[in-house]
Amino acid sequence: MLSPELIALVMFGLLVVGLFMGHPLAFVLGGTAVIGALLGPGERVLGIIVSRIFGDVLDNYTLIAIPLFVLMARFLSDSGVTDKMFESLRLMLARVRGGLALAVVFISILLAATTGIIGASITVMGVIALRPMLQYRYSPTLTTGVIAASGSLGILIPPSIMLILMASYSPLSVGQLFAGAMVPGVALGLTYAVYVALVAVFRPDMAPAARAEEVGEHSRVQLWKMLGLEAVPPLVLILGILGSLLAGIATATEASAIGAFLSLAIVIVRGKFEWRTFFGALRETARTSAMILFIVVGATAFTGVFNISGGLGAVQDIIRGLDMPAWALITVMMVIVFILGAFLDWTGIVLLSFPIFLPIVQEMGVNLLWFVVLMAVVLQTSFLTPPFGYALFYLRAIAPPEVRTGQIIMGVVPFIGLIILMVLAVAFFPELVTWMPDQLYTK
């Protein structure tokens with residue numbers, strides 16, 4: 001039997017090799033767990049792992065919220081609300097320098113608060129905003145950067161699937177995490193808007209205003225009426241989900257069911273319901289949920305073997321042995337999360353790092369809610385950092401050939417800097433995280 005330190009080294013080495021060979025994360029995690037069990041405590045430990053999977057994953061009712069929120073996002077996309085809202089906001093802001101980019105940011109914030117599915121958000125915004133922005137002579141770097149970064153806000157702004165998974169693997173409730181992430185998430189979106197406005201002022205060639213003939217014949221009253229009508233369904237959806245959850249009326253699972261029901265009602269009321277798209281939404285929900293569940297099962301097996309073999313304790317002892325003050329140790333953890341974000345998706349990072357980091361953070365007496373939300377802000381970068389930033393691949397798939405991959409990568413660099421700036425703001429001002437939960441949950 002190998003020593004715990006050697007087990008940790010071998011398992012992480014196999015994980016890295018498997019990922020760079022291009023194998024799916026779920027199978028790399030599960031396969032590494034089997035190999036680690038054979039090299040370490042023996043094959044009998046696999047029975048314990050199977051029992052743990054059934055107990056920690058398949059009986060975890062909080063995870064039911066994930067497929068329901070995925071289904072809600074698909075229904076909302078089928079309703080066409082986002083397209084109409086963007087069109088009206090685009091016409092209102094077209095004559096403002098940077099107006100189209102600002103419309104992308106504002107619609108993405110609203111979309112993040114009603115979906116939480118990054119792929120859906122970026123794809124929808126890319127389809128409806130990418131070509132119009134390029135036609136209005138926006139810089140390809142600013143265009144792709146603002147769509148990718150704004151579309152990734154759904155990982156942070158509630159209802160976020162990532163926050164639900166984080167709550168499932170921590171002592172925190174979904175409501176606490178939703179309340180704690182609300183202010184940093186919206187503030188980050190507004191930071192993107194401020195950046196776009198500054199670019200429009202100092203680099204007007206990157207974000208020009210539209211000419212009068214490009215805008216069309218629409219009065220301000222007509223545009224405000226159009227925007228108001230199209231904004232009602234998403235606002236009702238936000239109130240139904242977050243209102244019921246934060247008010248303590250519903251649990252996360254019940255709130256997700258409310259969201260799925262309301263989004264289906266929006267599709268029906270708007271006359272967009274078709275059986276073909278309905279069954280398509282069910283199939284897409286099944287695929288997305290199965291992918292997430294496979295990763296959760298693989299990560300549960302990996303961390304289970306890692307823990308039983310002593311590798312988890314060995315890594316924690318190494319971190320404790322760094323003999324750093326709490327702030328320096330947390331900085332090291334966030335740097336590790338940032339680096340992992342360039343190679344893993346957020347699911348794997350959360351499931352692999354929580355068992356190692358959270359016990360140490362609790363030992364230091366650090367506010368666990370603040371730490372988890374801080375980590376959630378850092379994980380925004382996991383969608384933008386090359387070589388494996390998913391937002392980059394989503395945009396590459398829908399961008400026209402004249403937009404080069406290098407332009408997409410350069411476009412997200414300033415927004416990665418803005419995320420780091422928000423990380424520093426949350427680090428130095430914990431009240432950004434703790435204020436709302438204190439108001440809602442402290443008697």
# chains A, B, ... in the order shown; residues from 1 in each chain; ligands from 1
>>> residues_around(residues="range 272-278 of chain A", least_positions_apart="5", cutoff="12 Å", atoms="only C-alpha atoms", output="mmCIF file with N, CA and C atoms, in the first residue's frame")
data_model
loop_
_atom_site.group_PDB
_atom_site.id
_atom_site.type_symbol
_atom_site.label_atom_id
_atom_site.label_comp_id
_atom_site.auth_asym_id
_atom_site.auth_seq_id
_atom_site.Cartn_x
_atom_site.Cartn_y
_atom_site.Cartn_z
ATOM 1 N N LEU A 71 -34.545 23.245 -16.743
ATOM 2 C CA LEU A 71 -35.792 23.227 -17.504
ATOM 3 C C LEU A 71 -36.397 24.630 -17.586
ATOM 4 N N MET A 72 -36.351 25.358 -16.476
ATOM 5 C CA MET A 72 -36.866 26.725 -16.468
ATOM 6 C C MET A 72 -36.121 27.601 -17.474
ATOM 7 N N ARG A 74 -34.594 26.699 -20.194
ATOM 8 C CA ARG A 74 -34.948 26.340 -21.562
ATOM 9 C C ARG A 74 -36.328 26.874 -21.927
ATOM 10 N N PHE A 75 -37.298 26.767 -21.017
ATOM 11 C CA PHE A 75 -38.634 27.313 -21.279
ATOM 12 C C PHE A 75 -38.554 28.818 -21.526
ATOM 13 N N LEU A 76 -37.774 29.519 -20.698
ATOM 14 C CA LEU A 76 -37.664 30.973 -20.855
ATOM 15 C C LEU A 76 -37.038 31.327 -22.196
ATOM 16 N N SER A 77 -36.060 30.540 -22.617
ATOM 17 C CA SER A 77 -35.441 30.777 -23.924
ATOM 18 C C SER A 77 -36.453 30.563 -25.047
ATOM 19 N N ASP A 78 -37.298 29.532 -24.921
ATOM 20 C CA ASP A 78 -38.304 29.255 -25.945
ATOM 21 C C ASP A 78 -39.384 30.332 -26.005
ATOM 22 N N SER A 79 -39.580 31.070 -24.913
ATOM 23 C CA SER A 79 -40.632 32.089 -24.881
ATOM 24 C C SER A 79 -40.303 33.300 -25.738
ATOM 25 N N GLY A 80 -39.021 33.501 -26.056
ATOM 26 C CA GLY A 80 -38.626 34.647 -26.871
ATOM 27 C C GLY A 80 -38.578 35.964 -26.122
ATOM 28 N N VAL A 81 -38.690 35.944 -24.805
ATOM 29 C CA VAL A 81 -38.676 37.173 -24.015
ATOM 30 C C VAL A 81 -37.364 37.918 -24.174
ATOM 31 N N SER A 263 -42.190 29.642 -15.839
ATOM 32 C CA SER A 263 -41.593 29.789 -17.169
ATOM 33 C C SER A 263 -42.414 29.063 -18.224
ATOM 34 N N LEU A 264 -42.968 27.898 -17.876
ATOM 35 C CA LEU A 264 -43.855 27.201 -18.814
ATOM 36 C C LEU A 264 -45.115 28.032 -19.056
ATOM 37 N N ALA A 265 -45.639 28.655 -18.003
ATOM 38 C CA ALA A 265 -46.819 29.508 -18.146
ATOM 39 C C ALA A 265 -46.516 30.696 -19.068
ATOM 40 N N ILE A 266 -45.305 31.253 -18.963
ATOM 41 C CA ILE A 266 -44.918 32.370 -19.838
ATOM 42 C C ILE A 266 -44.903 31.919 -21.294
ATOM 43 N N VAL A 267 -44.377 30.724 -21.544
ATOM 44 C CA VAL A 267 -44.359 30.190 -22.913
ATOM 45 C C VAL A 267 -45.780 30.055 -23.453
ATOM 46 N N ARG A 283 -35.568 16.867 -23.238
ATOM 47 C CA ARG A 283 -34.354 16.122 -23.617
ATOM 48 C C ARG A 283 -33.089 16.894 -23.227
ATOM 49 N N GLU A 284 -33.078 18.205 -23.488
ATOM 50 C CA GLU A 284 -31.906 19.006 -23.144
ATOM 51 C C GLU A 284 -31.685 19.035 -21.633
ATOM 52 N N THR A 285 -32.780 19.129 -20.882
ATOM 53 C CA THR A 285 -32.678 19.111 -19.420
ATOM 54 C C THR A 285 -32.098 17.791 -18.934
#
>>> select_by_dssp(residues="range 69-199 of chain A", states="alpha helix (DSSP H)", output="PyMOL selection string")
chain A and resi 69-79+81-93+99-112+118-135+140-151+161-168+174-199
>>> closest_residue(among="A:Ile398, A:Ala148, A:Met206, A:Met21", to="Leu384 in chain A", atoms="only C-alpha atoms")
A:Ala148
>>> residues_around(residues="Ser160 in chain A", least_positions_apart="2", cutoff="10 Å", atoms="only C-alpha atoms", output="PDB file with C-alpha atoms, in the first residue's frame")
ATOM      1  CA  ILE A  66     -30.692  21.605 -10.701  1.00  0.00           C
ATOM      2  CA  PHE A  69     -33.710  25.298 -13.032  1.00  0.00           C
ATOM      3  CA  ALA A 112     -28.680  35.502 -15.046  1.00  0.00           C
ATOM      4  CA  ALA A 113     -31.401  36.080 -12.451  1.00  0.00           C
ATOM      5  CA  THR A 114     -33.821  33.887 -14.381  1.00  0.00           C
ATOM      6  CA  THR A 115     -31.666  31.059 -15.749  1.00  0.00           C
ATOM      7  CA  GLY A 116     -28.318  30.335 -14.110  1.00  0.00           C
ATOM      8  CA  ILE A 117     -27.270  28.292 -17.176  1.00  0.00           C
ATOM      9  CA  ILE A 118     -24.085  29.774 -18.633  1.00  0.00           C
ATOM     10  CA  LEU A 153     -22.873  36.105 -14.572  1.00  0.00           C
ATOM     11  CA  GLY A 154     -25.440  33.334 -14.166  1.00  0.00           C
ATOM     12  CA  ILE A 155     -22.877  31.296 -12.241  1.00  0.00           C
ATOM     13  CA  LEU A 156     -22.904  33.942  -9.499  1.00  0.00           C
ATOM     14  CA  ILE A 157     -26.269  35.730  -9.553  1.00  0.00           C
ATOM     15  CA  PRO A 158     -29.056  33.595  -8.001  1.00  0.00           C
ATOM     16  CA  MET A 162     -23.222  26.394  -8.809  1.00  0.00           C
ATOM     17  CA  LEU A 163     -24.514  27.927  -5.568  1.00  0.00           C
ATOM     18  CA  ILE A 164     -26.977  25.050  -5.184  1.00  0.00           C
ATOM     19  CA  LEU A 165     -24.149  22.532  -5.543  1.00  0.00           C
ATOM     20  CA  MET A 166     -21.978  24.518  -3.131  1.00  0.00           C
ATOM     21  CA  VAL A 174     -29.138  27.574  -0.467  1.00  0.00           C
ATOM     22  CA  LEU A 177     -25.726  31.503  -0.435  1.00  0.00           C
ATOM     23  CA  PHE A 178     -28.303  33.109  -2.726  1.00  0.00           C
ATOM     24  CA  ALA A 181     -24.015  36.218  -3.668  1.00  0.00           C
TER      25      ALA A 181
END
>>> residues_around(residues="Arg131 in chain A", least_positions_apart="6", cutoff="10 Å", atoms="only C-alpha atoms", output="PyMOL selection string")
chain A and resi 137-138+143+398-400
>>> closest_residue(among="A:Ala73, A:Met364, A:Val350, A:Val221", to="Met324 in chain A", atoms="only C-alpha atoms")
A:Met364
>>> residues_around(residues="Thr32 in chain A", least_positions_apart="3", cutoff="7 Å", atoms="only C-alpha atoms", output="PyMOL selection string")
chain A and resi 11+14-15+28-29+35-36+302
>>> atom_distance(atom1="CA of Ala103 in chain A", atom2="CA of Val183 in chain A")
20.1 Å
>>> residues_around(residues="Asp83 in chain A", least_positions_apart="6", cutoff="12 Å", atoms="only C-alpha atoms", output="count of residues only")
21
>>> closest_residue(among="A:Val433, A:Leu440, A:Leu312, A:Ala149", to="Ala8 in chain A", atoms="only C-alpha atoms")
A:Leu312
>>> residues_around(residues="Ile409 in chain A", least_positions_apart="3", cutoff="9 Å", atoms="only C-alpha atoms", output="ChimeraX atom specification")
/A:141,144-145,384-386,392,404-406,412-413
>>> write_last_selection(atoms="C-alpha atoms", output="JSON list (two decimals), in the first residue's frame")
[["chain", "number", "residue", "atom", "x", "y", "z"],
["A", 141, "THR", "CA", -12.67, 42.31, -28.89],
["A", 144, "THR", "CA", -16.96, 39.15, -27.71],
["A", 145, "GLY", "CA", -15.57, 40.15, -24.32],
["A", 384, "LEU", "CA", -13.08, 33.01, -19.41],
["A", 385, "THR", "CA", -9.51, 31.82, -18.83],
["A", 386, "PRO", "CA", -7.86, 29.93, -21.69],
["A", 392, "LEU", "CA", -14.60, 31.03, -25.29],
["A", 404, "ARG", "CA", -10.61, 35.40, -34.84],
["A", 405, "THR", "CA", -10.10, 33.21, -31.79],
["A", 406, "GLY", "CA", -7.29, 35.52, -30.67],
["A", 412, "VAL", "CA", -12.13, 38.66, -22.15],
["A", 413, "VAL", "CA", -8.81, 39.76, -20.61]]
>>> closest_atom_pairs(of="range 77-194 of chain A", to="range 199-203 of chain A", cutoff="12 Å", atoms="only C-alpha atoms", output="tab-separated table")
residue	atom	partner	partner_atom	distance
A:Arg95	CA	A:Ala200	CA	12.0
A:Val96	CA	A:Ala200	CA	9.0
A:Arg97	CA	A:Ala200	CA	5.5
A:Gly98	CA	A:Ala200	CA	5.2
A:Gly99	CA	A:Ala200	CA	8.8
A:Leu100	CA	A:Ala200	CA	10.8
A:Ala101	CA	A:Ala200	CA	9.5
A:Leu102	CA	A:Ala200	CA	10.2
A:Tyr138	CA	A:Ala200	CA	10.1
A:Ser139	CA	A:Arg203	CA	10.0
A:Thr141	CA	A:Val199	CA	11.8
A:Leu142	CA	A:Val199	CA	8.9
A:Thr143	CA	A:Val199	CA	11.8
A:Val146	CA	A:Val199	CA	11.6
A:Tyr192	CA	A:Val199	CA	10.6
A:Ala193	CA	A:Val199	CA	9.9
A:Val194	CA	A:Val199	CA	8.7
